[in-house]
Amino acid sequence: MTSGKNIYQKIFSMHGIEENSGKEVGLKIDQTLTQDATGTMAYLQFEALSVPKVKTELSISYVDHNTLQQGFENADDHKYLQTVANKYGILFSKAGNGICHQVHLERFAKPGKTLLGSDSHTPTAGGICCLAMGAGGLDVALAMAGYSYDIVVPKVIKVELKGKLKSYVSAKDIILKVLSTLTTKGNVGYAVEYGGGINELSVPMRATITNMGAELGVTTSIFPSDDVTKDFLQKQGRDGDWIELKADSDAEYEKVISINLDELEPMVAKPHSPDNIDMVSNIKGMKVDQVCIGSCTNSSYEDLMTVAGILKGKKVSSDVELIISPGSRQVLEMISENGALSEMIKAGARIVESACGFCIGAGHSPKSKGVSLRTNNRNFLGRSGTKDAEIYLVSPIVAAVSALSGEVVDSNDSEIPSVDVPESYFVDDSMVIQPDGSGDVVKGPNIKELPKFSEVDDISGVVAIKVGDKITTDDIMPAGPRLKFRSNVEKYSTFVFESVDDKFVSRALENKGKGIGNVIIAGASYGQGSSREHAALCPANLGVKAVIAKSIERIHLQNLINFGIVPLFFENSEDYDKIELGDELEINGMRDGLKAGKQLILVNKTKNIKIGLNCQLSSKDIEILLKGGKLNYFRS
């Protein structure tokens, strides 16, 4: 007798796939999203595929990252994005309409549909029971062109929620609790499904939880589509988009984790990792310099109404800078109409644009050695724009009460107002431009054509950099003021590993000029964080031929393959210690070894030792690598 199906199995089945976990499949993608920091490259790649129009049910291009238009570069990118969207049948969400994940949850994501986005927090839409995944821009371009998305069917972890949240505890505390259990590494190949006592968790609360599933390193996270989902869609004027979609009672899971919400207390992720979890009570009384409320994690109507209720009739501490960013134009208009925005302003908050902003280091950096409480999802070293700042991730409740006090407050000491779900949400999609297929694509001078890459061959090179564990894509490719160069690979490449080793680029270019391959040596969980494909594309442009690591995170691994960089893994992790910066390396028989799935032998000529490596890839990924990347593969 066969067991029932979990939610993922049901959605895969709806898309014609009945394979078990661990099997690679080609999944049909119904929807795609891009944002402006990754979108320009994705659409350049789409154009290179010579497809006359997108073939998905819906594709949308959001502008939400590079909205600080200092210089011409960002404005030129936005013009390109709008004109390319108009030509190829893609919706275009203008700057000011909101953060892609918040807007997509409100207006476009549907239960049971598949969504691929060129942003690692695309799984936010799992809060509405959409199978939503982050990917590199090239994979999204291919999905828009009608190609299936190659994915290993994930093993599923069930998170069973029991009990009821206290008034001063939030959805943010739930996901921080999950992060304290599963951590940020070791979860490649898994997906998370939430169930149990979820009836009191609204869709925005669920989306907060699925959003930070990206920090777990899992493929995606999802909630059932139930009466709560139905109510949310009805209030968005989207009754026809709802279907019921739940796991069968006898569904099987790889493992089950139980969280008792009755016992949950306010949590915090301390510097400099989202899994450095502690209780807020343990940092109570710490002086705070800055509080930032918003981001795609916590900027919903419910979040900001709660914050407004806490701030009402009070003043922000004179020692604190409070910044609030509504997640979408819908949220901003609603809190403007009902007076909540006025309460925030009266309290002394700075209201900033509905955009990613402080979360990605695009403005509002803390002072030197400043302590900043933030409601976003990442607190990597230097991501805020201030390298010696201390970033703590907390719920909007803890953030608001602490802003008033000037020090960290455990919200169980505070009276938290309840928030009523609105009778309906304000709907105005006028800032989403419908395509008509006309006009020319406009490319400014900062938008450069894609570099070309050669086929993979034997490696004769040197170690251009050696890094430790948990190297993020922020470490590889800085964001903040460097984001505006993402359309210009040559220029953006000059900033690779800028904050880790400022001599890397000059070394790599010197080696490339001599015909010597560059090799990156890394520890565990290399490439965690953002989906930014430039963290592979730019190193490839600098002549990086291979990354040899203890482990590599899912999206970055695929991006390496997409741009012809061979991802290799130590057979014995202790061999990591046998290689140093500048060592001369050699790997022969690369092509035949990859095809046969054999162990590859790395010869460290400097130390006169041999090290065993493996390449844990599918046969199709091997074919792509041998061609020098996905564009070469699909255009050959």
# chains A, B, ... in the order shown; residues from 1 in each chain; ligands from 1
>>> select_by_dssp(residues="region 458-525 of chain A", states="helix (DSSP H, G or I)", output="PyMOL selection string")
chain A and resi 473-476+480-485+489-495+504-513
>>> write_last_selection(atoms="C-alpha atoms", output="CSV table (one decimal), in the first residue's frame")
chain,number,residue,atom,x,y,z
A,473,THR,CA,28.0,35.6,-2.3
A,474,ASP,CA,28.3,39.1,-0.7
A,475,ASP,CA,31.9,38.2,0.1
A,476,ILE,CA,32.5,37.2,-3.5
A,480,GLY,CA,25.8,48.3,-2.0
A,481,PRO,CA,27.5,51.0,-4.2
A,482,ARG,CA,28.9,48.3,-6.5
A,483,LEU,CA,25.4,47.1,-7.6
A,484,LYS,CA,25.1,49.6,-10.4
A,485,PHE,CA,27.8,47.9,-12.4
A,489,VAL,CA,30.8,42.4,-16.3
A,490,GLU,CA,34.2,43.8,-17.1
A,491,LYS,CA,33.8,46.6,-14.6
A,492,TYR,CA,32.0,44.6,-11.9
A,493,SER,CA,34.7,41.9,-12.1
A,494,THR,CA,37.2,44.4,-10.7
A,495,PHE,CA,35.4,44.1,-7.3
A,504,PHE,CA,42.7,38.9,-5.7
A,505,VAL,CA,41.7,40.7,-8.9
A,506,SER,CA,45.2,41.8,-9.8
A,507,ARG,CA,46.6,38.3,-9.1
A,508,ALA,CA,43.8,36.7,-11.1
A,509,LEU,CA,44.3,39.0,-14.1
A,510,GLU,CA,48.0,38.6,-14.1
A,511,ASN,CA,47.6,34.8,-14.1
A,512,LYS,CA,45.0,35.0,-16.9
A,513,GLY,CA,47.3,37.2,-18.9
>>> select_by_dssp(residues="region 517-621 of chain A", states="strand (DSSP E)", output="ChimeraX atom specification")
/A:517-522,544-549,566-570,584-587,600-604,609-614
>>> write_last_selection(atoms="N, CA and C atoms", output="compact mmCIF listing (two decimals), in the first residue's frame")
# COMPACT_ATOMS: atom_id res chain seq x y z
N GLY A 517 45.56 29.21 -15.30
CA GLY A 517 44.22 29.14 -14.72
C GLY A 517 44.22 29.52 -13.25
N ASN A 518 43.14 30.16 -12.81
CA ASN A 518 42.96 30.50 -11.39
C ASN A 518 42.06 29.47 -10.73
N VAL A 519 42.41 29.09 -9.50
CA VAL A 519 41.64 28.12 -8.73
C VAL A 519 41.30 28.73 -7.38
N ILE A 520 40.05 28.54 -6.95
CA ILE A 520 39.60 28.99 -5.63
C ILE A 520 39.52 27.78 -4.71
N ILE A 521 40.11 27.87 -3.54
CA ILE A 521 40.01 26.83 -2.51
C ILE A 521 39.10 27.36 -1.41
N ALA A 522 38.10 26.55 -1.03
CA ALA A 522 37.09 27.02 -0.07
C ALA A 522 36.76 25.94 0.95
N VAL A 544 38.94 32.19 -13.58
CA VAL A 544 38.80 31.12 -12.60
C VAL A 544 38.27 29.87 -13.31
N LYS A 545 38.98 28.76 -13.17
CA LYS A 545 38.63 27.52 -13.85
C LYS A 545 37.93 26.51 -12.94
N ALA A 546 38.19 26.59 -11.62
CA ALA A 546 37.60 25.61 -10.71
C ALA A 546 37.48 26.20 -9.32
N VAL A 547 36.47 25.72 -8.59
CA VAL A 547 36.34 25.96 -7.15
C VAL A 547 36.43 24.60 -6.49
N ILE A 548 37.39 24.45 -5.59
CA ILE A 548 37.56 23.20 -4.86
C ILE A 548 37.18 23.47 -3.41
N ALA A 549 36.14 22.80 -2.93
CA ALA A 549 35.57 23.15 -1.63
C ALA A 549 35.17 21.91 -0.84
N VAL A 566 34.38 24.63 -12.90
CA VAL A 566 34.19 23.26 -12.42
C VAL A 566 34.12 23.26 -10.89
N PRO A 567 32.98 22.82 -10.31
CA PRO A 567 32.90 22.70 -8.86
C PRO A 567 33.41 21.32 -8.43
N LEU A 568 34.44 21.29 -7.62
CA LEU A 568 35.05 20.04 -7.18
C LEU A 568 35.04 19.97 -5.66
N PHE A 569 35.02 18.74 -5.14
CA PHE A 569 34.88 18.54 -3.70
C PHE A 569 35.99 17.63 -3.18
N PHE A 570 36.54 17.98 -2.04
CA PHE A 570 37.56 17.15 -1.41
C PHE A 570 36.96 15.79 -1.03
N GLU A 584 50.95 25.75 -6.89
CA GLU A 584 50.75 25.41 -8.29
C GLU A 584 50.04 24.06 -8.36
N LEU A 585 48.89 24.03 -9.08
CA LEU A 585 48.04 22.84 -9.11
C LEU A 585 47.89 22.33 -10.55
N GLU A 586 47.58 21.03 -10.62
CA GLU A 586 47.37 20.41 -11.94
C GLU A 586 46.32 19.32 -11.80
N ILE A 587 45.37 19.32 -12.72
CA ILE A 587 44.39 18.23 -12.81
C ILE A 587 44.35 17.79 -14.27
N LEU A 600 38.87 12.41 -9.48
CA LEU A 600 39.90 13.19 -10.15
C LEU A 600 41.08 13.37 -9.19
N ILE A 601 42.26 13.40 -9.73
CA ILE A 601 43.46 13.54 -8.90
C ILE A 601 44.05 14.94 -9.08
N LEU A 602 44.09 15.67 -8.00
CA LEU A 602 44.74 16.97 -7.98
C LEU A 602 46.20 16.79 -7.57
N VAL A 603 47.08 17.30 -8.38
CA VAL A 603 48.50 17.27 -8.04
C VAL A 603 48.90 18.66 -7.56
N ASN A 604 49.30 18.74 -6.30
CA ASN A 604 49.84 19.99 -5.77
C ASN A 604 51.34 19.95 -6.05
N ILE A 609 52.32 16.61 -3.59
CA ILE A 609 51.35 15.67 -3.03
C ILE A 609 50.17 15.52 -3.98
N LYS A 610 49.43 14.42 -3.81
CA LYS A 610 48.23 14.17 -4.62
C LYS A 610 47.01 14.15 -3.70
N ILE A 611 45.92 14.70 -4.22
CA ILE A 611 44.69 14.83 -3.43
C ILE A 611 43.51 14.34 -4.28
N GLY A 612 42.67 13.52 -3.70
CA GLY A 612 41.49 13.00 -4.40
C GLY A 612 40.33 13.98 -4.37
N LEU A 613 39.70 14.17 -5.53
CA LEU A 613 38.54 15.07 -5.65
C LEU A 613 37.40 14.33 -6.31
N ASN A 614 36.17 14.77 -6.03
CA ASN A 614 35.03 14.24 -6.79
C ASN A 614 34.18 15.39 -7.30
>>> closest_residue(among="A:Leu581, A:Leu131, A:Ile151, A:Leu105", to="Lys620 (chain A)", atoms="only C-alpha atoms")
A:Ile151
>>> residues_around(residues="Asn412 (chain A)", least_positions_apart="4", cutoff="10 Å", atoms="only C-alpha atoms", output="PDB file with N, CA and C atoms, in the first residue's frame")
ATOM      1  N   LYS A 166       2.346  33.723  21.728  1.00  0.00           N
ATOM      2  CA  LYS A 166       1.997  34.789  22.658  1.00  0.00           C
ATOM      3  C   LYS A 166       1.916  36.102  21.890  1.00  0.00           C
ATOM      4  N   SER A 167       1.295  37.109  22.464  1.00  0.00           N
ATOM      5  CA  SER A 167       1.066  38.376  21.758  1.00  0.00           C
ATOM      6  C   SER A 167       2.370  39.077  21.399  1.00  0.00           C
ATOM      7  N   TYR A 168       3.435  38.825  22.159  1.00  0.00           N
ATOM      8  CA  TYR A 168       4.706  39.514  21.939  1.00  0.00           C
ATOM      9  C   TYR A 168       5.708  38.680  21.135  1.00  0.00           C
ATOM     10  N   VAL A 169       5.253  37.547  20.622  1.00  0.00           N
ATOM     11  CA  VAL A 169       6.090  36.664  19.809  1.00  0.00           C
ATOM     12  C   VAL A 169       5.520  36.655  18.394  1.00  0.00           C
ATOM     13  N   GLU A 265       9.817  32.168  22.807  1.00  0.00           N
ATOM     14  CA  GLU A 265      10.088  33.509  23.305  1.00  0.00           C
ATOM     15  C   GLU A 265      10.796  34.309  22.209  1.00  0.00           C
ATOM     16  N   PRO A 266      10.867  35.623  22.344  1.00  0.00           N
ATOM     17  CA  PRO A 266      11.530  36.434  21.314  1.00  0.00           C
ATOM     18  C   PRO A 266      12.973  35.986  21.080  1.00  0.00           C
ATOM     19  N   VAL A 280      16.373  36.998  22.941  1.00  0.00           N
ATOM     20  CA  VAL A 280      16.453  38.448  23.121  1.00  0.00           C
ATOM     21  C   VAL A 280      16.733  38.787  24.582  1.00  0.00           C
ATOM     22  N   SER A 281      16.205  37.989  25.482  1.00  0.00           N
ATOM     23  CA  SER A 281      16.416  38.248  26.914  1.00  0.00           C
ATOM     24  C   SER A 281      17.894  38.245  27.290  1.00  0.00           C
ATOM     25  N   ILE A 397       8.299  43.610  16.318  1.00  0.00           N
ATOM     26  CA  ILE A 397       7.875  43.950  17.683  1.00  0.00           C
ATOM     27  C   ILE A 397       9.083  44.350  18.524  1.00  0.00           C
ATOM     28  N   VAL A 398      10.104  43.500  18.535  1.00  0.00           N
ATOM     29  CA  VAL A 398      11.315  43.803  19.305  1.00  0.00           C
ATOM     30  C   VAL A 398      11.978  45.063  18.770  1.00  0.00           C
ATOM     31  N   ILE A 416       1.660  44.743  23.682  1.00  0.00           N
ATOM     32  CA  ILE A 416       1.666  44.737  22.216  1.00  0.00           C
ATOM     33  C   ILE A 416       0.234  44.813  21.709  1.00  0.00           C
TER      34      ILE A 416
END
>>> residues_around(residues="Ala308 (chain A)", least_positions_apart="6", cutoff="12 Å", atoms="only C-alpha atoms", output="number ranges by chain")
A: 293, 301-302, 314-316, 324, 326, 335-336, 338-349, 396-397, 399-401, 404, 416-419
